[in-house]
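A.B. asks: I have a structure I would like to understand better, so I am pasting it below and will then ask my questions one at a time.
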Amino acid sequence: MVLTQLPRFQYLVFKGPPPNLNFFPKPKLPIKVTCPTLFSAPKSTLSTTEPIPISQFSVSEEPRVEISLDKLFVPPETEVSFDDPNLSTRILKGSNIVVSKYAREAQVLQAEFVKSSVRTEDCPSDGLPEFALVGRSNVGKSSLLNSLVRRKRLALTSKKPGKTQCINHFRINDNWYLVDLPGYGYAAAPQELRTDWSKFTKDYFLNRSTLVSVFLLIDASITAKKIDLEYASWLGQNQIPMTLIFTKCDKRKKKKNGGKRPEENVSDFQELIRGFFQTAPPWIMTSSVTNQGRDEILLHMAQLRNYWLKH
């Protein structure tokens, strides 16, 4: 039996009305996930040390994620077979994402800060595809962006959450953008600023025609937060393509203190949202300390971007 993925915007369609997240359903047993041992911005152009060839990306040689076929993210124009003995080798390590024929030209050769905007209409108008990074304050967004381009200070990390207050565009290889959006949920930020951030961020999601996908960052070192679940459900309700990026997967909590392992929190989060979507959203486990997931994110972005450009 062969399964073909629906067109790209359909995997986030809600199965029913938007969820009431005041009550969290009890999660089922976690999926077994094997963890492998991610801004003031300068305006100068960055050339990374070496491009990352496709052949060096980490496609798992052994099953890294024990997961049923219906929980895989199968990119458009990609076929998977229930009886394919090599299917596990086509899944990106630490994720539920199947590699497609569009997975090429993933390496970062150059990156530069372009501009900061407070309105969607002020963002770059050159029509290049872009990926937006967003997440709760202190989730590790700036660290992930720096890891993706292999530069420590392209996006300045701060000990004070809520530092990013604009829509920041970084042009990659002169042909696509990484976009750093304001973090949400930082209680110490002024209420007026928090309201404005929410307004222009939602306007960006709804009206930015060149947005290929939102990468929603979730802290895997802690249990699911209501605000993250609500953000994911809002993106789904509005049919905005989304990839879940689980950060801080290197942090190991001691079971005797009641802490859960990152893979357990990843599984729990998916169980809490999966009832609201027709198909499973793509997700990737990451760490800015070990660079886990960096190559997988870039390859996933490449296949989404190349499909978007073709269609």
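Numbering starts fresh at 1 for the residues of each chain in the structure tokens, the chains themselves are lettered A, B, ... in the order given, and ligands are numbered from 1 as they appear.
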Hey, what's within 10 Å of Ile245 of chain A if we count only C-alpha atoms and toss same-chain stuff fewer than 6 positions away? As a list of chain:residue names, please?

C.D. replies: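 Contacts, with the query itself left out: A:Leu38, A:Ser95, A:Leu133, A:Val134, A:Gly135, A:Lys141, A:Leu144, A:Val214, A:Phe215, A:Leu216, A:Leu217, A:Ile218, A:Asp219, A:Ala220, A:Val266, A:Pro282, A:Trp283, A:Ile284, A:Met285, A:Thr286, A:Ser287, A:Gly293, A:Ile297.
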
A.B. asks: Go ahead and write the selection's residues with N, CA and C atoms as a tab-separated table (two decimals), in the first residue's frame.

C.D. replies:
chain	number	residue	atom	x	y	z
A	38	LEU	N	19.90	25.54	19.34
A	38	LEU	CA	19.81	24.82	18.37
A	38	LEU	C	20.24	25.30	19.29
A	95	SER	N	13.60	12.89	14.47
A	95	SER	CA	12.43	13.58	13.93
A	95	SER	C	11.41	12.56	13.42
A	133	LEU	N	11.22	31.81	12.86
A	133	LEU	CA	11.47	31.16	14.13
A	133	LEU	C	10.73	31.91	15.22
A	134	VAL	N	9.92	31.21	15.99
A	134	VAL	CA	9.18	31.84	17.07
A	134	VAL	C	9.07	30.86	18.24
A	135	GLY	N	8.99	31.40	19.43
A	135	GLY	CA	8.87	30.54	20.60
A	135	GLY	C	8.77	31.36	21.87
A	141	LYS	N	15.90	30.54	21.09
A	141	LYS	CA	15.69	30.89	19.68
A	141	LYS	C	16.95	31.48	19.04
A	144	LEU	N	19.63	28.89	18.54
A	144	LEU	CA	19.33	28.03	17.40
A	144	LEU	C	19.68	28.71	16.09
A	214	VAL	N	6.39	28.20	9.59
A	214	VAL	CA	6.77	28.70	10.92
A	214	VAL	C	7.44	27.56	11.67
A	215	PHE	N	8.58	27.85	12.27
A	215	PHE	CA	9.26	26.87	13.11
A	215	PHE	C	9.01	27.27	14.55
A	216	LEU	N	8.10	26.54	15.21
A	216	LEU	CA	7.69	26.85	16.58
A	216	LEU	C	8.59	26.11	17.55
A	217	LEU	N	9.34	26.86	18.36
A	217	LEU	CA	10.30	26.27	19.28
A	217	LEU	C	9.64	25.94	20.62
A	218	ILE	N	9.86	24.71	21.08
A	218	ILE	CA	9.29	24.22	22.33
A	218	ILE	C	10.43	23.69	23.21
A	219	ASP	N	10.47	24.10	24.46
A	219	ASP	CA	11.49	23.65	25.41
A	219	ASP	C	11.21	22.21	25.83
A	220	ALA	N	12.05	21.29	25.37
A	220	ALA	CA	11.83	19.86	25.67
A	220	ALA	C	12.35	19.47	27.04
A	266	VAL	N	8.68	15.50	24.66
A	266	VAL	CA	8.37	15.59	23.24
A	266	VAL	C	7.14	14.75	22.92
A	282	PRO	N	5.29	18.08	11.32
A	282	PRO	CA	6.70	17.66	11.40
A	282	PRO	C	7.33	18.17	12.69
A	283	TRP	N	8.28	17.41	13.23
A	283	TRP	CA	8.99	17.85	14.44
A	283	TRP	C	10.43	17.35	14.40
A	284	ILE	N	11.30	18.10	15.08
A	284	ILE	CA	12.72	17.78	15.14
A	284	ILE	C	13.24	18.07	16.55
A	285	MET	N	14.05	17.17	17.09
A	285	MET	CA	14.67	17.37	18.39
A	285	MET	C	16.04	18.03	18.20
A	286	THR	N	16.34	19.06	19.03
A	286	THR	CA	17.56	19.83	18.82
A	286	THR	C	18.26	20.14	20.15
A	287	SER	N	19.50	20.58	20.00
A	287	SER	CA	20.28	21.11	21.13
A	287	SER	C	21.32	22.07	20.59
A	293	GLY	N	20.35	18.17	15.64
A	293	GLY	CA	19.21	18.67	14.89
A	293	GLY	C	19.50	19.81	13.93
A	297	ILE	N	17.35	20.29	10.49
A	297	ILE	CA	16.52	21.47	10.24
A	297	ILE	C	16.82	22.06	8.87

A.B. asks: What are the nearest atom pairs, with distances in Å to one decimal, for all residues of segment 112-134 of chain A that come at most 9 Å from segment 203-208 of chain A, using only C-alpha atoms, set out by chain and rising residue number as CSV?

C.D. replies:
residue,atom,partner,partner_atom,distance
A:Arg119,CA,A:Tyr204,CA,7.7
A:Thr120,CA,A:Tyr204,CA,5.3
A:Glu121,CA,A:Arg208,CA,8.5
A:Cys123,CA,A:Arg208,CA,8.9
A:Ala132,CA,A:Phe205,CA,8.9

A.B. asks: Which one of A:Gly127, A:Ala280, A:Tyr102, A:Lys310 sits closest to Leu72 of chain A if you count only C-alpha atoms?

C.D. replies: A:Ala280

A.B. asks: Point out the residue among A:Ser221, A:Gln278, A:Thr210, A:Ser142 with the least atom-to-atom distance to Ser125 of chain A, counting only C-alpha atoms.

C.D. replies: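 Counting only C-alpha atoms, the residue closest to Ser125 of chain A is A:Thr210.
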
A.B. asks: When you look at segment 168-174 of chain A with a cut-off of 6 Å (counting only C-alpha atoms), what residues show up, excluding the ones that are within fewer than 5 positions of it in the same chain? I need them as number ranges by chain.

C.D. replies: A: 109-116, 179-180

A.B. asks: Between A:Leu178, A:Leu211, A:Ile222, A:Ile273, single out the one closest to Gly236 of chain A, counting only C-alpha atoms.

C.D. replies: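 Smallest distance to Gly236 of chain A is found for A:Ile273.
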
A.B. asks: Given the choices A:Leu128, A:Leu298, A:Leu145, A:Val74, which gets closest to Lys101 of chain A if the distance is worked out from only C-alpha atoms?

C.D. replies: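 Selected residue with least distance to Lys101 of chain A: A:Val74.
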
A.B. asks: Would you please work out which residue, of A:Arg136, A:Lys225, A:Arg151, A:His311, is nearest to Pro182 of chain A when using only C-alpha atoms?

C.D. replies: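 Closest to Pro182 of chain A of all the choices is A:Arg136.
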
A.B. asks: Pick out the closest residue to Val139 of chain A from this set: A:Pro281, A:Gly183, A:Pro124, A:Pro85. Count only C-alpha atoms.

C.D. replies: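 Using only C-alpha atoms, Val139 of chain A sits closest to A:Gly183.
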